[in-house]
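Raw upload16.txt, compact mmCIF, C-alpha atoms:
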```txt
# COMPACT_ATOMS: atom_id res chain seq x y z
CA MET X 1 112.09 78.63 96.66
CA LYS X 2 115.12 77.68 98.70
CA ARG X 3 116.69 74.38 97.76
CA PHE X 4 118.81 72.13 99.94
CA TYR X 5 122.04 70.78 98.45
CA ARG X 6 124.11 67.95 99.88
CA ILE X 7 127.77 68.86 99.92
CA ASN X 8 131.03 66.99 100.55
CA GLN X 9 130.61 64.17 103.11
CA TYR X 10 126.80 64.51 103.11
CA VAL X 11 126.50 63.08 99.58
CA ARG X 12 125.10 59.55 100.10
CA ALA X 13 125.56 57.73 96.78
CA PRO X 14 128.56 55.36 96.45
CA GLN X 15 129.02 56.28 92.75
CA VAL X 16 128.52 59.78 91.33
CA ARG X 17 128.74 61.46 87.94
CA VAL X 18 131.18 64.34 88.38
CA VAL X 19 131.35 67.66 86.52
CA ASP X 20 134.24 70.03 87.29
CA GLU X 21 134.15 73.83 87.71
CA LYS X 22 134.67 74.37 83.96
CA GLY X 23 131.67 72.22 83.08
CA GLU X 24 133.71 69.26 81.78
CA GLN X 25 132.51 65.77 82.68
CA LEU X 26 134.93 63.64 84.64
CA GLY X 27 132.70 60.58 84.33
CA VAL X 28 131.17 58.19 86.87
CA ILE X 29 133.58 57.71 89.78
CA SER X 30 133.40 56.61 93.40
CA LEU X 31 132.37 59.11 96.06
CA ASP X 32 135.75 58.90 97.82
CA GLU X 33 137.62 59.69 94.61
CA ALA X 34 135.26 62.61 93.85
CA LEU X 35 135.76 64.03 97.35
CA PHE X 36 139.54 63.66 96.96
CA LYS X 37 139.49 65.58 93.64
CA ALA X 38 137.36 68.34 95.17
CA ARG X 39 139.69 68.71 98.18
CA GLN X 40 142.74 68.80 95.89
CA ARG X 41 141.28 71.85 94.16
CA HIS X 42 140.15 73.42 97.49
CA LEU X 43 136.53 73.30 96.33
CA ASP X 44 133.31 71.55 97.39
CA LEU X 45 131.54 68.51 95.95
CA VAL X 46 127.91 69.63 95.51
CA GLU X 47 125.11 67.20 94.59
CA VAL X 48 123.05 69.10 91.97
CA ALA X 49 120.80 66.30 90.66
CA GLU X 50 120.10 63.70 93.34
CA LYS X 51 117.32 61.97 91.37
CA ALA X 52 119.61 61.07 88.45
CA ASN X 53 121.17 57.61 88.33
CA PRO X 54 123.97 57.96 89.42
CA PRO X 55 123.53 61.39 91.08
CA VAL X 56 125.26 64.34 89.40
CA CYS X 57 127.79 66.26 91.50
CA LYS X 58 129.73 69.40 90.65
CA ILE X 59 133.15 70.36 91.93
CA ILE X 60 132.64 74.06 92.67
CA ASP X 61 132.91 76.68 95.40
CA PHE X 62 129.59 76.19 97.21
CA LYS X 63 129.25 79.79 98.43
CA LYS X 64 129.75 81.13 94.90
CA PHE X 65 127.30 78.53 93.54
CA LYS X 66 124.67 79.46 96.15
CA TYR X 67 125.12 83.17 95.35
CA GLN X 68 124.56 82.48 91.62
CA GLU X 69 121.42 80.43 92.39
CA ASP X 70 120.01 83.24 94.55
CA LYS X 71 120.73 85.76 91.80
CA LYS X 72 118.87 83.62 89.24
CA GLU X 73 115.92 83.31 91.62
CA GLN X 74 115.79 87.08 92.16
CA ALA X 75 115.90 87.69 88.39
CA GLY X 76 113.03 85.23 87.94
CA LYS X 77 110.96 87.04 90.57
CA LYS X 78 111.53 90.38 88.86
CA LYS X 79 110.35 89.06 85.51
CA SER X 80 107.19 87.50 86.89
CA LYS X 81 105.58 90.64 88.30
CA GLN X 82 102.20 89.75 89.73
CA GLN X 83 99.29 91.51 88.05
CA GLU X 84 96.93 93.27 90.43
CA VAL X 85 93.23 93.84 89.86
CA LYS X 86 92.20 97.42 90.69
CA GLU X 87 88.50 98.01 91.20
CA PHE X 88 86.71 101.18 90.12
CA ARG X 89 83.18 101.65 91.46
CA LEU X 90 80.53 103.47 89.48
CA THR X 91 76.81 104.12 89.91
CA PRO X 92 74.28 103.90 87.08
CA PHE X 93 73.48 107.64 87.28
CA ILE X 94 77.08 108.90 87.65
CA ALA X 95 77.88 112.47 86.59
CA GLN X 96 79.78 112.78 83.30
CA ASN X 97 82.84 114.41 84.90
CA ASP X 98 83.07 111.70 87.59
CA PHE X 99 82.80 109.04 84.88
CA GLU X 100 85.61 110.68 82.87
CA ILE X 101 87.87 110.79 85.95
CA ARG X 102 87.27 107.09 86.70
CA ILE X 103 87.99 106.18 83.06
CA LYS X 104 91.19 108.25 83.11
CA ARG X 105 92.37 106.47 86.29
CA ALA X 106 91.44 103.09 84.82
CA MET X 107 93.46 103.94 81.69
CA GLU X 108 96.50 104.83 83.83
CA THR X 109 96.16 101.54 85.71
CA LEU X 110 95.90 99.55 82.48
CA THR X 111 98.99 101.22 81.01
CA THR X 112 101.03 100.17 84.08
CA GLY X 113 100.09 96.54 83.31
CA ASP X 114 97.45 95.87 85.97
CA LYS X 115 93.94 94.58 85.38
CA VAL X 116 90.88 96.77 86.00
CA LYS X 117 87.53 95.71 87.42
CA LEU X 118 84.69 98.13 86.69
CA THR X 119 81.76 97.68 89.07
CA VAL X 120 78.38 99.40 88.82
CA LYS X 121 76.60 99.41 92.18
CA PHE X 122 72.81 99.69 92.19
CA VAL X 123 71.24 101.21 95.31
CA GLY X 124 67.56 101.05 96.20
CA ARG X 125 65.20 101.38 93.23
CA GLN X 126 68.05 101.90 90.76
CA ILE X 127 67.98 98.13 90.20
CA THR X 128 64.77 98.60 88.17
CA ARG X 129 66.85 100.44 85.52
CA LYS X 130 69.51 97.81 84.79
CA GLU X 131 69.97 99.09 81.24
CA PHE X 132 71.64 102.28 82.56
CA GLY X 133 74.40 100.23 84.19
CA GLU X 134 74.83 98.05 81.11
CA ASN X 135 75.06 101.13 78.86
CA LEU X 136 77.58 102.70 81.25
CA LEU X 137 79.86 99.65 81.03
CA LYS X 138 79.53 99.57 77.23
CA LYS X 139 80.57 103.22 77.13
CA ALA X 140 83.55 102.44 79.41
CA ILE X 141 84.62 99.53 77.19
CA GLU X 142 84.52 101.83 74.15
CA LYS X 143 86.64 104.49 75.86
CA LEU X 144 89.22 101.94 77.05
CA ARG X 145 89.27 99.87 73.84
CA GLU X 146 92.73 101.04 72.62
CA VAL X 147 94.50 100.07 75.88
CA SER X 148 92.55 96.99 76.99
CA LYS X 149 90.60 93.87 76.14
CA VAL X 150 87.58 92.46 77.96
CA GLU X 151 88.72 89.50 80.06
CA SER X 152 85.35 88.67 81.58
CA PRO X 153 82.14 90.18 80.15
CA PRO X 154 79.69 92.11 82.35
CA LYS X 155 77.95 89.83 84.83
CA TRP X 156 75.53 90.33 87.68
CA GLN X 157 76.41 89.55 91.30
CA GLY X 158 73.41 90.54 93.37
CA LYS X 159 73.09 94.34 93.03
CA LEU X 160 76.50 94.68 91.37
CA LEU X 161 77.26 94.57 87.65
CA SER X 162 80.97 94.11 86.97
CA LEU X 163 83.48 93.30 84.27
CA VAL X 164 87.26 92.80 84.17
CA LEU X 165 89.55 94.41 81.59
CA LYS X 166 93.11 93.29 80.93
CA PRO X 167 95.80 95.45 79.32
CA ASN X 168 96.82 94.98 75.69
CA LYS X 169 100.29 93.49 75.29
```

Show how you would write the structure in this file as structure tokens.
Amino acid sequence: MKRFYRINQYVRAPQVRVVDEKGEQLGVISLDEALFKARQRHLDLVEVAEKANPPVCKIIDFKKFKYQEDKKEQAGKKKSKQQEVKEFRLTPFIAQNDFEIRIKRAMETLTTGDKVKLTVKFVGRQITRKEFGENLLKKAIEKLREVSKVESPPKWQGKLLSLVLKPNK
């Protein structure tokens, strides 16, 4: 999120608390005096906390400060990788080999840190044999137990039976 900073003559408060480039407090001084000190050092007066009373301003090089802020923001975005939910569709009468392949792919997805949604789709008269789908999901949970936990138990949504697995940390 981009943030707007008031710098130099755009700072509005008559009195400001000033911190220099080394992080030392210079105290509460008038805006004119703070601007004078910043210009003496060939730096900018940047308002970093406008809601404080009086507002806090730093005497720093604004371009360098902005670069550091952007770097922090980028590092924060890297750390908070968004988890995706990958869906794997099954049928209640799936062949054993097809089931094994889907489980293998689900395991790979879970090890990369994403969530997995296993969905059993019932077509036509298959809905009369709901226990096959429930048993299939139980078998899938057993096979994926060492790499995942059940986030939401199997639930029905029309002709679909689905559950969500999240990776173990």

Among listed residues X:Glu21, X:Val16, X:Lys72, X:Ala38, nearest X:Asn53 (using all atoms listed in the file): X:Val16

Might you pull out every residue within 12 Å of X:Trp156, with all atoms listed in the file counted and same-chain residues fewer than 2 positions away left off, and present them as a VMD selection string? chain X and resid 119 to 122 127 130 133 to 134 152 to 154 158 to 163

Interatomic distance between atom CA of X:Pro167 and atom CA of X:Ser148?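 Answer for the atom CA of X:Pro167 to atom CA of X:Ser148 separation: 4.3 Å.
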
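Note that the spacing between atom CA of X:Gly76 and atom CA of X:Pro54 amounts to 29.4 Å.
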
Give me the residues near X:Pro14 as number ranges by chain, where near means some atom within 9 Å (using only C-alpha atoms) and where sequence neighbours in that chain fewer than 4 positions away do not count. X: 29-32, 54

For stretch 63-143 of chain X versus stretch 39-48 of chain X, which residues have an atom no more than 12 Å away, and what is each residue's nearest atom pair and distance in Å rounded to one decimal, using only C-alpha atoms, chain-then-number order, as JSON lines?
```
{"residue": "X:Lys63", "atom": "CA", "partner": "X:Asp44", "partner_atom": "CA", "distance": 9.2}
{"residue": "X:Lys64", "atom": "CA", "partner": "X:Leu43", "partner_atom": "CA", "distance": 10.5}
{"residue": "X:Phe65", "atom": "CA", "partner": "X:Val46", "partner_atom": "CA", "distance": 9.1}
{"residue": "X:Lys66", "atom": "CA", "partner": "X:Val46", "partner_atom": "CA", "distance": 10.4}
{"residue": "X:Glu69", "atom": "CA", "partner": "X:Val48", "partner_atom": "CA", "distance": 11.5}
```

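Point (102.6, 102.7, 79.6) has the following residues at most 12 Å away: Met107, Glu108, Thr109, Leu110, Thr111, Thr112, Gly113, Asp114, Val147, Ser148, Pro167, Asn168 and Lys169 of chain X (atoms considered: only C-alpha atoms).
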
Go ahead and write the selection's residues with C-alpha atoms as a PDB file, keeping the file's coordinate frame.
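Dumped to again-v6.pdb:
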```
ATOM      1  CA  MET X 107      93.460 103.940  81.690  1.00  0.00           C
ATOM      2  CA  GLU X 108      96.500 104.830  83.830  1.00  0.00           C
ATOM      3  CA  THR X 109      96.160 101.540  85.710  1.00  0.00           C
ATOM      4  CA  LEU X 110      95.900  99.550  82.480  1.00  0.00           C
ATOM      5  CA  THR X 111      98.990 101.220  81.010  1.00  0.00           C
ATOM      6  CA  THR X 112     101.030 100.170  84.080  1.00  0.00           C
ATOM      7  CA  GLY X 113     100.090  96.540  83.310  1.00  0.00           C
ATOM      8  CA  ASP X 114      97.450  95.870  85.970  1.00  0.00           C
ATOM      9  CA  VAL X 147      94.500 100.070  75.880  1.00  0.00           C
ATOM     10  CA  SER X 148      92.550  96.990  76.990  1.00  0.00           C
ATOM     11  CA  PRO X 167      95.800  95.450  79.320  1.00  0.00           C
ATOM     12  CA  ASN X 168      96.820  94.980  75.690  1.00  0.00           C
ATOM     13  CA  LYS X 169     100.290  93.490  75.290  1.00  0.00           C
TER      14      LYS X 169
END
```

Mind giving me the straight-line distance from atom CA of X:Glu73 to atom CA of X:Lys166 in Å, one decimal? 27.1 Å

Considering all atoms listed in the file, can you say which of X:Gln157, X:Thr91, X:Gln83, X:Asn8 comes closest to X:Gln126? X:Thr91

When you count all atoms listed in the file, which of these residues is closest to X:Glu24: X:Lys58, X:Arg125, X:Arg3, X:Arg102? X:Lys58
